[in-house]
$ cat protein06.txt   # compact mmCIF, C-alpha atoms
# COMPACT_ATOMS: atom_id res chain seq x y z
CA MET A 1 0.00 0.00 0.00
CA SER A 2 1.21 3.47 -0.75
CA ASP A 3 2.09 6.07 1.85
CA ALA A 4 -0.34 8.95 2.21
CA GLY A 5 0.10 11.41 -0.63
CA ARG A 6 2.40 9.15 -2.67
CA ALA A 7 1.14 7.54 -5.86
CA PRO A 8 1.20 3.74 -5.96
CA ARG A 9 3.61 2.16 -8.45
CA ILE A 10 0.72 0.66 -10.40
CA SER A 11 -3.06 0.90 -10.59
CA ILE A 12 -4.94 -2.21 -11.64
CA VAL A 13 -8.38 -1.61 -13.17
CA VAL A 14 -10.83 -4.50 -13.20
CA THR A 15 -14.41 -4.33 -14.45
CA THR A 16 -17.10 -6.76 -13.42
CA VAL A 17 -20.80 -7.45 -13.82
CA HIS A 18 -22.58 -10.04 -11.61
CA ARG A 19 -19.52 -12.33 -11.33
CA VAL A 20 -18.97 -12.44 -7.58
CA ALA A 21 -17.05 -15.73 -7.35
CA LEU A 22 -14.71 -14.82 -10.19
CA LEU A 23 -14.03 -11.36 -8.79
CA GLU A 24 -13.20 -12.90 -5.42
CA ARG A 25 -10.53 -15.04 -7.10
CA ALA A 26 -9.04 -11.91 -8.68
CA LEU A 27 -8.99 -10.15 -5.31
CA ARG A 28 -7.21 -13.15 -3.75
CA GLY A 29 -4.59 -12.85 -6.48
CA PHE A 30 -4.15 -9.15 -5.80
CA ALA A 31 -3.65 -9.93 -2.10
CA ARG A 32 -0.60 -12.07 -3.00
CA GLN A 33 1.22 -9.18 -4.68
CA ASP A 34 4.28 -7.66 -3.03
CA VAL A 35 4.39 -4.24 -4.70
CA ASP A 36 2.82 -0.89 -3.94
CA PHE A 37 -0.46 -0.88 -5.92
CA GLU A 38 -4.10 0.06 -5.89
CA ALA A 39 -6.92 -2.06 -7.25
CA ILE A 40 -9.79 -0.16 -8.84
CA VAL A 41 -12.94 -2.24 -9.29
CA VAL A 42 -15.60 -0.77 -11.55
CA HIS A 43 -18.95 -2.53 -11.33
CA ASN A 44 -22.63 -2.12 -12.11
CA GLY A 45 -24.05 -2.00 -8.58
CA ASN A 46 -24.78 -5.70 -8.10
CA VAL A 47 -25.62 -6.38 -4.43
CA GLY A 48 -23.34 -9.42 -4.25
CA ILE A 49 -20.41 -7.47 -5.74
CA LYS A 50 -21.00 -4.65 -3.22
CA ALA A 51 -20.95 -7.09 -0.30
CA LEU A 52 -17.79 -8.77 -1.57
CA LEU A 53 -16.00 -5.44 -2.04
CA ASP A 54 -17.07 -4.30 1.42
CA SER A 55 -15.51 -7.45 2.88
CA TRP A 56 -12.20 -6.75 1.06
CA GLN A 57 -11.88 -3.03 1.85
CA HIS A 58 -9.59 -3.67 4.83
CA LYS A 59 -7.52 -6.36 3.07
CA LEU A 60 -6.44 -4.49 -0.08
CA PRO A 61 -5.68 -0.97 -1.30
CA LEU A 62 -9.08 -1.04 -3.00
CA ARG A 63 -11.05 1.70 -4.70
CA VAL A 64 -14.58 1.10 -5.94
CA ILE A 65 -16.52 2.84 -8.69
CA GLU A 66 -20.15 2.01 -9.39
CA ILE A 67 -21.47 2.73 -12.90
CA SER A 68 -24.87 1.36 -13.89
CA GLY A 69 -25.72 0.21 -17.39
CA ARG A 70 -22.50 1.16 -19.12
CA THR A 71 -20.26 -0.78 -21.47
CA THR A 72 -17.00 -2.39 -20.44
CA VAL A 73 -15.16 0.35 -22.31
CA ALA A 74 -16.94 3.07 -20.32
CA LYS A 75 -16.11 1.24 -17.09
CA ARG A 76 -12.44 0.88 -18.03
CA ASN A 77 -12.29 4.56 -18.94
CA ALA A 78 -13.77 5.52 -15.56
CA GLY A 79 -11.21 3.25 -13.87
CA TRP A 80 -8.11 4.66 -15.54
CA ARG A 81 -9.34 8.21 -15.06
CA ALA A 82 -9.60 7.56 -11.30
CA ALA A 83 -6.22 5.81 -11.14
CA ARG A 84 -3.42 7.38 -9.10
CA GLY A 85 -0.68 4.93 -10.00
CA GLU A 86 2.52 5.65 -11.91
CA ARG A 87 1.43 2.92 -14.31
CA ILE A 88 -2.00 1.57 -15.24
CA ALA A 89 -2.89 -2.01 -16.12
CA PHE A 90 -6.20 -3.65 -16.93
CA THR A 91 -7.33 -7.12 -16.08
CA ASP A 92 -10.55 -9.10 -16.20
CA ASP A 93 -12.55 -10.29 -13.23
CA ASP A 94 -11.81 -13.91 -14.11
CA CYS A 95 -8.02 -13.52 -13.86
CA GLU A 96 -6.24 -14.52 -10.67
CA PRO A 97 -2.71 -13.11 -10.87
CA ARG A 98 -0.02 -15.27 -9.34
CA ALA A 99 2.41 -13.81 -6.81
CA GLY A 100 4.90 -11.45 -8.45
CA ARG A 101 2.72 -10.71 -11.47
CA LEU A 102 2.39 -7.00 -10.74
CA GLN A 103 6.16 -6.68 -10.39
CA THR A 104 6.50 -8.18 -13.88
CA ALA A 105 3.88 -5.76 -15.21
CA ILE A 106 5.70 -2.78 -13.68
CA GLY A 107 8.83 -3.75 -15.61
CA ALA A 108 6.90 -3.96 -18.88
CA ILE A 109 4.68 -0.87 -18.69
CA ALA A 110 6.05 2.64 -19.19
CA PRO A 111 5.17 5.16 -16.48
CA ARG A 112 2.39 7.64 -17.23
CA GLY A 113 3.49 10.38 -19.58
CA GLN A 114 6.50 8.48 -20.88
CA THR A 115 6.80 6.82 -24.24
CA PRO A 116 7.81 3.18 -23.86
CA ALA A 117 11.30 2.30 -25.02
CA ARG A 118 11.28 0.45 -28.31
CA ARG A 119 12.30 -3.14 -27.78
CA GLU A 120 11.54 -6.48 -29.29
CA ARG A 121 9.28 -8.68 -27.25
CA ARG A 122 7.50 -11.93 -27.70
CA GLY A 123 3.92 -11.58 -26.64
CA GLY A 124 2.51 -9.20 -24.09
CA VAL A 125 2.20 -9.06 -20.35
CA GLY A 126 -1.08 -10.52 -19.21
CA MET A 127 -2.29 -10.46 -15.66
CA ALA A 128 -3.47 -14.06 -15.57
CA ALA A 129 -0.20 -15.85 -16.24
$ encode --input "protein06.txt" --output "structure tokens"
Amino acid sequence: MSDAGRAPRISIVVTTVHRVALLERALRGFARQDVDFEAIVVHNGNVGIKALLDSWQHKLPLRVIEISGRTTVAKRNAGWRAARGERIAFTDDDCEPRAGRLQTAIGAIAPRGQTPARRERRGGVGMAA
């Protein structure tokens, strides 16, 4: 978790609709990370999702945005606009990142406002692997 006033190293935006069990798996994966991050969950107001997020508020650096009836794109846009992290990553509610995954993502994502260095890579950095 970041110190007061200091931006986290990475913000993770996850959108969800009615998928309580899958989102809980994602939150468990976030809890295994060992870097300074914030998780931003954007959801549609589902009662089960609200209850789950309430139960995780004290376990994670978690921010919650509720947007009813919007597309996934609109939810992701709301998430990255609210992000405070030096870097921003997106994941799905059905991904459970293994320990160390955010550290890998930090190494692969350029900080906000910087153009990534050109380098050859095979494949991308996904949150689920």
$ residues_around --input "protein06.txt" --residues "Gly29 (chain A)" --least-positions-apart "5" --cutoff "7 Å" --atoms "all atoms listed in the file" --output "PyMOL selection string"
chain A and resi 96-98
$ closest_residue --input "protein06.txt" --among "A:Arg32, A:Gly79, A:Ala26, A:Val17" --to "Lys50 (chain A)" --atoms "only C-alpha atoms"
A:Val17
$ residues_near_point --input "protein06.txt" --point "(-4.9, 1.0, -7.6)" --cutoff "7 Å" --atoms "all atoms listed in the file" --output "PyMOL selection string"
chain A and resi 8+10-12+37-40+61-63+83-85
$ closest_atom_pairs --input "protein06.txt" --of "region 53-86 of chain A" --to "region 41-48 of chain A" --cutoff "8 Å" --atoms "all atoms listed in the file" --output "tab-separated table"
residue	atom	partner	partner_atom	distance
A:Leu62	CA	A:Val41	CA	7.5
A:Arg63	CA	A:Val41	CA	6.3
A:Val64	CA	A:Val41	CA	5.0
A:Ile65	CA	A:Val42	CA	4.7
A:Glu66	CA	A:His43	CA	5.1
A:Ile67	CA	A:Asn44	CA	5.0
A:Ser68	CA	A:Asn44	CA	4.5
A:Gly69	CA	A:Asn44	CA	6.5
A:Arg70	CA	A:Asn44	CA	7.7
A:Lys75	CA	A:Val42	CA	5.9
A:Arg76	CA	A:Val42	CA	7.4
A:Ala78	CA	A:Val42	CA	7.7
A:Gly79	CA	A:Val42	CA	6.4
$ atom_distance --input "protein06.txt" --atom1 "CA of Gly107 (chain A)" --atom2 "CA of Leu53 (chain A)"
28.3 Å
$ closest_residue --input "protein06.txt" --among "A:Ala99, A:Asp34, A:Arg81, A:Leu52" --to "Leu22 (chain A)" --atoms "only C-alpha atoms"
A:Leu52
$ residues_near_point --input "protein06.txt" --point "(-17.2, -15.0, -11.3)" --cutoff "12 Å" --atoms "only C-alpha atoms" --output "list in words"
Thr15, Thr16, Val17, His18, Arg19, Val20, Ala21, Leu22, Leu23, Glu24, Arg25, Ala26, Leu27, Gly48, Ile49, Leu52, Asp92, Asp93, Asp94, Cys95 and Glu96 of chain A
$ closest_residue --input "protein06.txt" --among "A:Val14, A:Ala7, A:Ala89, A:Ala82" --to "Thr104 (chain A)" --atoms "all atoms listed in the file"
A:Ala89
$ atom_distance --input "protein06.txt" --atom1 "CA of Gly5 (chain A)" --atom2 "CA of Leu60 (chain A)"
17.2 Å
$ axis_aligned_box --input "protein06.txt" --around "region 29-40 of chain A" --padding-each-side "8 Å" --output "AutoDock Vina command-line options"
--center_x -2.7 --center_y -6.4 --center_z -5.5 --size_x 30.2 --size_y 28.9 --size_z 22.7
$ atom_distance --input "protein06.txt" --atom1 "CA of Arg28 (chain A)" --atom2 "CA of Arg112 (chain A)"
26.6 Å
$ closest_residue --input "protein06.txt" --among "A:Ser55, A:Val13, A:Ala108, A:Gln33" --to "Trp80 (chain A)" --atoms "only C-alpha atoms"
A:Val13
